[in-house]
Each structure stands twice: as structure tokens, then as C-alpha cells.
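Here is data-v6.csv, consisting of CSV, C-alpha atoms:
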chain,number,residue,atom,x,y,z
A,1,ARG,CA,-3.3,-4.9,-21.8
A,2,ILE,CA,0.2,-5.4,-20.4
A,3,VAL,CA,-0.9,-7.6,-17.5
A,4,ALA,CA,-3.0,-9.7,-19.9
A,5,GLY,CA,-4.9,-11.3,-17.1
A,6,ARG,CA,-1.8,-12.8,-15.3
A,7,ILE,CA,-2.6,-11.0,-12.1
A,8,PRO,CA,-5.6,-8.9,-10.8
A,9,VAL,CA,-5.3,-5.2,-11.3
A,10,LEU,CA,-6.8,-2.9,-8.6
A,11,VAL,CA,-7.3,0.7,-9.4
A,12,GLY,CA,-7.4,3.6,-6.9
A,13,VAL,CA,-10.5,5.7,-7.2
A,14,THR,CA,-10.3,7.9,-4.1
A,15,ASP,CA,-11.4,11.5,-4.7
A,16,THR,CA,-12.8,14.5,-2.8
A,17,ALA,CA,-16.0,14.2,-5.0
A,18,PHE,CA,-18.4,11.3,-4.8
A,19,ALA,CA,-19.3,11.6,-8.5
A,20,GLU,CA,-15.7,11.6,-9.6
A,21,THR,CA,-15.0,8.4,-7.6
A,22,ILE,CA,-17.9,6.7,-9.3
A,23,ARG,CA,-16.7,8.0,-12.7
A,24,LEU,CA,-13.2,6.6,-12.0
A,25,ALA,CA,-14.7,3.2,-11.0
A,26,GLU,CA,-16.7,3.0,-14.1
A,27,ARG,CA,-13.7,3.8,-16.2
A,28,ALA,CA,-11.6,1.1,-14.4
A,29,ALA,CA,-14.3,-1.4,-15.0
A,30,ARG,CA,-14.4,-0.6,-18.8
A,31,PHE,CA,-10.6,-1.2,-19.0
A,32,GLY,CA,-10.8,-4.6,-17.2
A,33,ALA,CA,-9.8,-3.9,-13.6
A,34,GLU,CA,-10.7,-6.6,-11.1
A,35,ALA,CA,-11.6,-4.2,-8.2
A,36,VAL,CA,-11.1,-0.7,-7.0
A,37,VAL,CA,-9.3,0.7,-4.0
A,38,LEU,CA,-11.1,3.4,-2.0
A,39,SER,CA,-9.9,5.5,0.9
A,40,THR,CA,-11.7,8.2,2.8
A,41,PRO,CA,-12.4,11.5,1.0
A,42,TYR,CA,-9.6,13.9,1.9
A,43,TYR,CA,-9.4,17.7,2.5
A,44,PHE,CA,-12.5,18.1,4.8
A,45,PRO,CA,-12.4,15.2,7.3
A,46,ALA,CA,-15.6,13.2,7.5
A,47,GLY,CA,-17.3,11.7,10.6
A,48,GLN,CA,-17.7,8.0,11.0
A,49,THR,CA,-21.4,8.1,10.3
A,50,GLU,CA,-20.8,10.1,7.2
A,51,LEU,CA,-18.1,7.6,6.1
A,52,PHE,CA,-20.3,4.6,6.7
A,53,ARG,CA,-23.0,6.2,4.4
A,54,TYR,CA,-20.4,7.3,1.9
A,55,PHE,CA,-18.8,3.9,1.5
A,56,GLY,CA,-22.2,2.2,1.4
A,57,GLU,CA,-23.3,4.5,-1.5
A,58,VAL,CA,-20.1,4.0,-3.4
A,59,VAL,CA,-20.4,0.2,-3.1
A,60,ARG,CA,-24.0,0.4,-4.2
A,61,LEU,CA,-23.1,2.2,-7.4
A,62,CYS,CA,-19.7,0.8,-8.1
A,63,PRO,CA,-19.5,-1.7,-10.9
A,64,LEU,CA,-16.5,-3.5,-9.2
A,65,PRO,CA,-15.7,-5.0,-5.8
A,66,VAL,CA,-14.1,-2.5,-3.4
A,67,MET,CA,-10.9,-2.8,-1.3
A,68,LEU,CA,-10.9,-0.2,1.5
A,69,TYR,CA,-7.8,1.7,2.3
A,70,ASN,CA,-7.0,3.2,5.7
A,71,ILE,CA,-4.3,5.9,5.5
A,72,PRO,CA,-5.2,8.6,8.1
A,73,SER,CA,-1.8,10.3,7.8
A,74,LEU,CA,-2.8,11.6,4.3
A,75,THR,CA,-6.6,11.7,4.5
A,76,LYS,CA,-6.9,13.2,8.0
A,77,VAL,CA,-9.4,10.6,9.2
A,78,ALA,CA,-9.2,6.9,10.0
A,79,ILE,CA,-11.8,4.2,9.2
A,80,GLU,CA,-12.5,3.2,12.7
A,81,LEU,CA,-13.0,-0.4,13.7
A,82,PRO,CA,-16.8,-0.2,14.5
A,83,THR,CA,-17.3,1.4,11.1
A,84,LEU,CA,-15.4,-1.4,9.4
A,85,GLN,CA,-17.4,-3.9,11.4
A,86,ARG,CA,-20.6,-2.5,10.0
A,87,LEU,CA,-19.2,-2.3,6.5
A,88,ALA,CA,-18.1,-6.0,6.7
A,89,GLU,CA,-21.8,-6.9,6.1
A,90,SER,CA,-21.4,-5.9,2.5
A,91,PRO,CA,-20.2,-8.8,0.3
A,92,ALA,CA,-18.9,-6.4,-2.3
A,93,ILE,CA,-16.1,-5.2,0.1
A,94,LEU,CA,-13.1,-7.4,-0.3
A,95,GLY,CA,-11.0,-6.3,2.7
A,96,VAL,CA,-8.8,-3.6,4.0
A,97,LYS,CA,-5.3,-2.2,3.4
A,98,ASP,CA,-4.0,-0.5,6.5
A,99,SER,CA,-1.2,2.1,6.2
A,100,SER,CA,-1.8,3.7,9.6
A,101,GLY,CA,1.3,2.0,11.1
A,102,ASP,CA,-0.8,1.5,14.3
A,103,GLN,CA,-0.1,-2.0,15.4
A,104,ASP,CA,-2.9,-2.2,17.9
A,105,TYR,CA,-5.4,-1.1,15.2
A,106,PHE,CA,-4.0,-3.8,12.9
A,107,ARG,CA,-4.4,-6.5,15.6
A,108,GLN,CA,-8.1,-5.5,15.9
A,109,LEU,CA,-8.4,-5.5,12.2
A,110,ILE,CA,-7.3,-9.1,12.0
A,111,GLY,CA,-10.1,-9.8,14.4
A,112,LEU,CA,-12.6,-8.9,11.7
A,113,LYS,CA,-11.7,-12.1,9.9
A,114,GLN,CA,-14.0,-13.9,12.4
A,115,GLN,CA,-16.8,-12.0,10.8
A,116,ARG,CA,-15.4,-12.0,7.3
A,117,PRO,CA,-12.9,-14.9,6.9
A,118,ASP,CA,-12.8,-14.2,3.1
A,119,TRP,CA,-11.5,-10.6,3.7
A,120,SER,CA,-7.9,-9.8,2.6
A,121,ILE,CA,-6.2,-7.8,5.4
A,122,LEU,CA,-3.1,-6.1,4.0
A,123,VAL,CA,-0.5,-3.9,5.7
A,124,GLY,CA,1.0,-0.8,4.0
A,125,PRO,CA,4.3,-0.1,5.9
A,126,GLU,CA,6.7,-2.6,4.3
A,127,HIS,CA,8.9,-3.1,7.4
A,128,LEU,CA,5.8,-4.5,9.2
A,129,THR,CA,5.0,-7.1,6.5
A,130,ALA,CA,6.5,-10.1,8.2
A,131,TRP,CA,4.9,-9.1,11.5
A,132,ALA,CA,1.6,-8.7,9.9
A,133,VAL,CA,1.6,-12.0,8.1
A,134,ARG,CA,2.6,-13.9,11.3
A,135,LEU,CA,-0.2,-12.2,13.1
A,136,GLY,CA,-2.7,-13.6,10.5
A,137,GLY,CA,-2.6,-10.9,7.8
A,138,ASP,CA,-2.7,-11.8,4.2
A,139,GLY,CA,0.4,-9.8,3.0
A,140,GLY,CA,1.4,-6.2,2.2
A,141,VAL,CA,1.2,-3.5,-0.4
A,142,ASN,CA,4.9,-2.7,-0.3
A,143,GLY,CA,6.4,0.3,-2.1
A,144,GLY,CA,9.8,-1.4,-1.9
A,145,ALA,CA,8.4,-4.3,-3.9
A,146,ASN,CA,8.6,-2.1,-7.0
A,147,ILE,CA,12.3,-1.9,-6.4
A,148,PHE,CA,13.1,-5.4,-5.2
A,149,PRO,CA,10.2,-7.7,-5.8
A,150,GLU,CA,12.3,-10.7,-5.0
A,151,LEU,CA,13.1,-9.3,-1.5
A,152,PHE,CA,9.5,-8.9,-0.5
A,153,SER,CA,8.4,-12.2,-2.1
A,154,ALA,CA,11.1,-13.9,0.0
A,155,LEU,CA,10.0,-12.0,3.1
A,156,TYR,CA,6.4,-13.2,2.6
A,157,SER,CA,7.4,-16.8,2.0
A,158,ALA,CA,9.7,-16.8,5.1
A,159,ALA,CA,7.0,-15.3,7.2
A,160,ARG,CA,4.7,-18.1,6.1
A,161,GLY,CA,7.4,-20.6,6.9
A,162,ASN,CA,8.1,-21.6,3.3
A,163,GLU,CA,11.8,-20.6,2.9
A,164,ASP,CA,15.2,-21.8,4.2
A,165,VAL,CA,16.3,-18.2,4.8
A,166,THR,CA,15.0,-16.9,8.1
A,167,VAL,CA,12.6,-14.0,8.5
A,168,SER,CA,15.2,-12.1,10.6
A,169,GLN,CA,17.8,-12.4,7.8
A,170,ILE,CA,15.5,-11.0,5.2
A,171,GLN,CA,14.1,-8.4,7.6
A,172,ASP,CA,17.6,-7.1,8.1
A,173,VAL,CA,17.7,-6.4,4.3
A,174,VAL,CA,14.3,-4.8,4.4
A,175,ASN,CA,15.5,-2.6,7.2
A,176,GLU,CA,18.6,-1.6,5.1
A,177,LEU,CA,16.3,-0.6,2.3
A,178,GLN,CA,14.3,1.7,4.6
A,179,GLY,CA,17.2,4.1,4.5
A,180,ILE,CA,16.2,5.4,1.1
A,181,TYR,CA,13.0,6.9,2.7
A,182,GLU,CA,15.2,9.1,5.0
A,183,VAL,CA,16.8,10.8,2.0
A,184,GLY,CA,15.2,14.3,1.4
A,185,LYS,CA,13.4,16.6,3.8
A,186,TYR,CA,9.8,16.7,2.5
A,187,ALA,CA,7.0,14.2,3.0
A,188,SER,CA,7.2,13.5,-0.7
A,189,ARG,CA,10.6,11.9,-0.2
A,190,PHE,CA,8.8,8.5,0.0
A,191,ILE,CA,7.7,8.6,-3.6
A,192,LYS,CA,10.9,10.4,-4.7
A,193,ALA,CA,13.0,7.7,-3.2
A,194,THR,CA,11.0,4.9,-4.7
A,195,LYS,CA,11.0,6.4,-8.2
A,196,CYS,CA,14.7,7.2,-7.8
A,197,ALA,CA,15.5,3.6,-6.8
A,198,VAL,CA,13.5,2.0,-9.6
A,199,SER,CA,15.3,4.2,-12.1
A,200,LEU,CA,18.7,3.2,-10.7
A,201,ARG,CA,17.7,-0.4,-11.2
A,202,GLY,CA,16.8,0.3,-14.8
A,203,ILE,CA,13.0,-0.3,-14.4
A,204,CYS,CA,11.7,3.2,-15.4
A,205,LEU,CA,12.5,6.9,-15.4
A,206,ASP,CA,12.4,8.8,-12.1
A,207,ARG,CA,10.0,11.5,-13.5
A,208,LEU,CA,7.2,12.4,-11.1
A,209,ALA,CA,3.8,14.0,-11.7
A,210,GLU,CA,3.6,17.7,-11.0
A,211,PRO,CA,4.3,19.4,-8.7
A,212,PHE,CA,7.0,17.0,-7.5
A,213,ASN,CA,10.6,17.0,-8.5
A,214,HIS,CA,12.9,14.0,-8.8
A,215,PHE,CA,15.9,13.7,-6.5
A,216,MET,CA,18.9,15.8,-7.4
A,217,PRO,CA,22.4,14.3,-7.8
A,218,PRO,CA,23.4,14.4,-4.1
A,219,GLU,CA,20.2,12.7,-3.0
A,220,ARG,CA,20.4,10.3,-5.9
A,221,GLN,CA,23.9,9.2,-4.9
A,222,ARG,CA,22.8,8.5,-1.4
A,223,VAL,CA,20.0,6.3,-2.7
A,224,ALA,CA,22.4,4.6,-5.1
A,225,GLU,CA,24.7,3.7,-2.2
A,226,ILE,CA,21.8,2.1,-0.2
A,227,ILE,CA,20.6,0.2,-3.3
A,228,ALA,CA,24.1,-1.2,-3.8
A,229,LYS,CA,24.2,-2.5,-0.2
A,230,VAL,CA,20.8,-4.1,-0.6
A,231,GLU,CA,21.9,-5.8,-3.8
A,232,THR,CA,25.0,-7.1,-2.1
A,233,SER,CA,22.9,-8.4,0.9
A,234,LEU,CA,20.5,-10.2,-1.5
A,235,ALA,CA,23.4,-11.8,-3.3
A,236,GLU,CA,24.9,-13.1,-0.1
A,237,LEU,CA,21.5,-14.6,1.0
A,238,LYS,CA,21.1,-16.0,-2.6
A,239,VAL,CA,17.6,-14.4,-2.8
A,240,GLN,CA,16.5,-14.2,-6.5
Please express the file's structure as C-alpha cells.
Amino acid sequence: RIVAGRIPVLVGVTDTAFAETIRLAERAARFGAEAVVLSTPYYFPAGQTELFRYFGEVVRLCPLPVMLYNIPSLTKVAIELPTLQRLAESPAILGVKDSSGDQDYFRQLIGLKQQRPDWSILVGPEHLTAWAVRLGGDGGVNGGANIFPELFSALYSAARGNEDVTVSQIQDVVNELQGIYEVGKYASRFIKATKCAVSLRGICLDRLAEPFNHFMPPERQRVAEIIAKVETSLAELKVQ
């Protein structure tokens, strides 16, 4: 309702249960989503043969196109390249978002475009976005874009050769922003830092879903200092 057709909305439907994934996909379709995003089932790691069959069955029953999502750090298993090569035969699969951070894997992933030139190949780690685009990727799904959309829009444009500001100049600012993810001591610091930063910029509150707590005042202050530096850098580069 809020997006009102201006941009496509993709909904994550990953779950430990096959039936729940299908239920979520059907719900997403009813509410007008363009596609779903599907990673490997987590908790018990599946084998590649099992994953191929699983993804095939989800695609067969899913009412929407599917974007695959490789994030082995959280799901315990990667979608290996031979598995993706077989899955590329399905026209209902739109592409892959890779959050592994494995640059060799991503290079090989780009090679799948020879088989599926229509695939969207997206990178997760935001500091790799310019590198990924120059390599032939289609862009990134960047957490930091929630905080500074203009920064990552400029980074993408520069990587495509469409901006006066150089990639290295913008990359320096992106690297500055990465400091917020070093605040806190738990793996959840990434979502805490992102939510803290968007709240500091007046976008939304920093409340998190249970069981996670928002950053306390000392951590919030550290994030605020980094955000202020990034804002200054963007002003100096005249990025809007």
C-alpha cells in the first residue's frame, strides 16, 4: 500500500518448514509482492541434493518468482555453484543474492550469466558493492542504504561510470560507515547498529523484535559520532 507500485517489493519466505515457506509465499502474493526471497532452510543443514529438490519443489508450488539468497554464515550451508547451475534451468528463478563475502564464489556466480543472462546477481556485503558491479554484478542489497540511500545510489552510479565523483571517494565514505558494525559485541550488532543509525537520522524508532535489545546510550553515542562523520563527508562530496 505504501509503495503503491513505485518499486517492486520482494518478501523473504525462508523458514525451517517447507509448508510454512509456501504459506508465506501465498500470503506475499495476496498482498501484491512481485517476488519472494528464499534462502536455505536453517537449523539442520541440508545436503546439495536435498537443496536442489527443495528449491525445485518451492518453485513449483510458489505463486511468485523466486530470488535465491546465499548466506551460509547464518544458515550453515551454502548454495554451491553446481546446484545453482542446475537451478538456473528454472525460468521462475530470477537470480541470486550472495551474502557469503566469498569473492571467488561471487566471481563464479557472475559466470552463470552466460547460462542465464536475465539473472540478477546481487551482493550482500555493502563494502563490496562497487567491486561487484564492476565485475559484472547487478548491484547490492545494502543494509547501509536504509541509513544513507544517497550514498549507495552514488556508489552504484559511480561504479557504472555515470558520476563525476570517483568510486574511490565514495568508497571511502562507505568504509567510514562500516564502523557502526563494530559497535557492540554480539553478532546481532549488525541489526542493532542499522536500527540505531536510522533512528538517529529520524527515519524510524530503534526498537527491535524480541529477543534483541536496542543499543544502550554508550553504544548509541559511538554510532552517532560515526553517522555525523559520514554526513560531513557526504556534504563535502556534494552527494545528495
**Asked** Interatomic distance between CA of Asp15 (chain A) and CA of Ile121 (chain A)?
**Response** 22.4 Å
**Request:** Name the residues in contact with Leu112 (chain A) at a cut-off of 9 Å, using only C-alpha atoms, excluding same-chain residues fewer than 2 positions from it; report them as a PyMOL selection string.
**Result:** chain A and resi 81+84-85+88+108-110+114-117+119
**Message:** Can you pull out the residues contacting Ser100 (chain A)? Cut-off 8 Å, using only C-alpha atoms, and skip same-chain residues under 4 positions away; I want them as a VMD selection string.
**Reply:** chain A and resid 70 to 73 124
**Prompt:** Can you list, as a ChimeraX atom specification, every protein, DNA or RNA residue that comes within 7 Å of region 217-225 of chain A when you count all atoms listed in the file, leaving out same-chain residues fewer than 2 positions away?
**Reply:** /A:180,183-184,196-197,200,215,227-229
**Prompt:** Which residue out of A:Ala33, A:Ile226, A:Leu122, A:Ile93 has the minimum interatomic distance to Val66 (chain A) when only C-alpha atoms are used?
**Reply:** A:Ile93
**Request:** Could you check which of A:Ser39, A:Thr194, A:Thr14, A:Asn213 is closest to Phe148 (chain A), using all atoms listed in the file?
**Result:**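 Closest to Phe148 (chain A) of all the choices is A:Thr194.
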**Request:** Using all atoms listed in the file, find the one residue out of A:Ile191, A:Val239, A:Val198, A:Ala209 that sits nearest to Gln169 (chain A).
**Result:** A:Val239
**Request:** Please identify all polymer residues lying at most 9 Å from the point (10.6, 10.2, -13.6) (file coordinates), using only C-alpha atoms, and present the result as a VMD selection string.
**Result:** chain A and resid 192 195 to 196 199 204 to 209 213 to 214
Could you add the missing atoms to region 38-51 of chain A, up to N, CA and C atoms, and return them as a compact mmCIF listing (two decimals), in the coordinates of the input?
# COMPACT_ATOMS: atom_id res chain seq x y z
N LEU A 38 -10.43 2.14 -2.38
CA LEU A 38 -11.10 3.40 -2.00
C LEU A 38 -10.72 3.75 -0.55
N SER A 39 -10.18 4.95 -0.41
CA SER A 39 -9.90 5.50 0.90
C SER A 39 -10.95 6.54 1.27
N THR A 40 -10.77 7.19 2.41
CA THR A 40 -11.70 8.20 2.80
C THR A 40 -11.50 9.48 2.00
N PRO A 41 -12.56 10.23 1.70
CA PRO A 41 -12.40 11.50 1.00
C PRO A 41 -11.46 12.42 1.82
N TYR A 42 -10.56 13.09 1.16
CA TYR A 42 -9.60 13.90 1.90
C TYR A 42 -10.01 15.40 1.76
N TYR A 43 -9.26 16.27 2.36
CA TYR A 43 -9.40 17.70 2.50
C TYR A 43 -10.32 18.01 3.69
N PHE A 44 -11.65 17.93 3.60
CA PHE A 44 -12.50 18.10 4.80
C PHE A 44 -12.69 16.69 5.41
N PRO A 45 -12.23 16.48 6.65
CA PRO A 45 -12.40 15.20 7.30
C PRO A 45 -13.83 14.85 7.60
N ALA A 46 -14.26 13.66 7.26
CA ALA A 46 -15.60 13.20 7.50
C ALA A 46 -15.77 12.51 8.82
N GLY A 47 -16.97 12.52 9.38
CA GLY A 47 -17.30 11.70 10.60
C GLY A 47 -17.52 10.29 10.21
N GLN A 48 -17.53 9.43 11.22
CA GLN A 48 -17.70 8.00 11.00
C GLN A 48 -19.07 7.66 10.42
N THR A 49 -20.10 8.34 10.91
CA THR A 49 -21.40 8.10 10.30
C THR A 49 -21.48 8.50 8.87
N GLU A 50 -20.83 9.62 8.56
CA GLU A 50 -20.80 10.10 7.20
C GLU A 50 -19.97 9.08 6.31
N LEU A 51 -18.87 8.57 6.87
CA LEU A 51 -18.10 7.60 6.10
C LEU A 51 -18.82 6.32 5.86
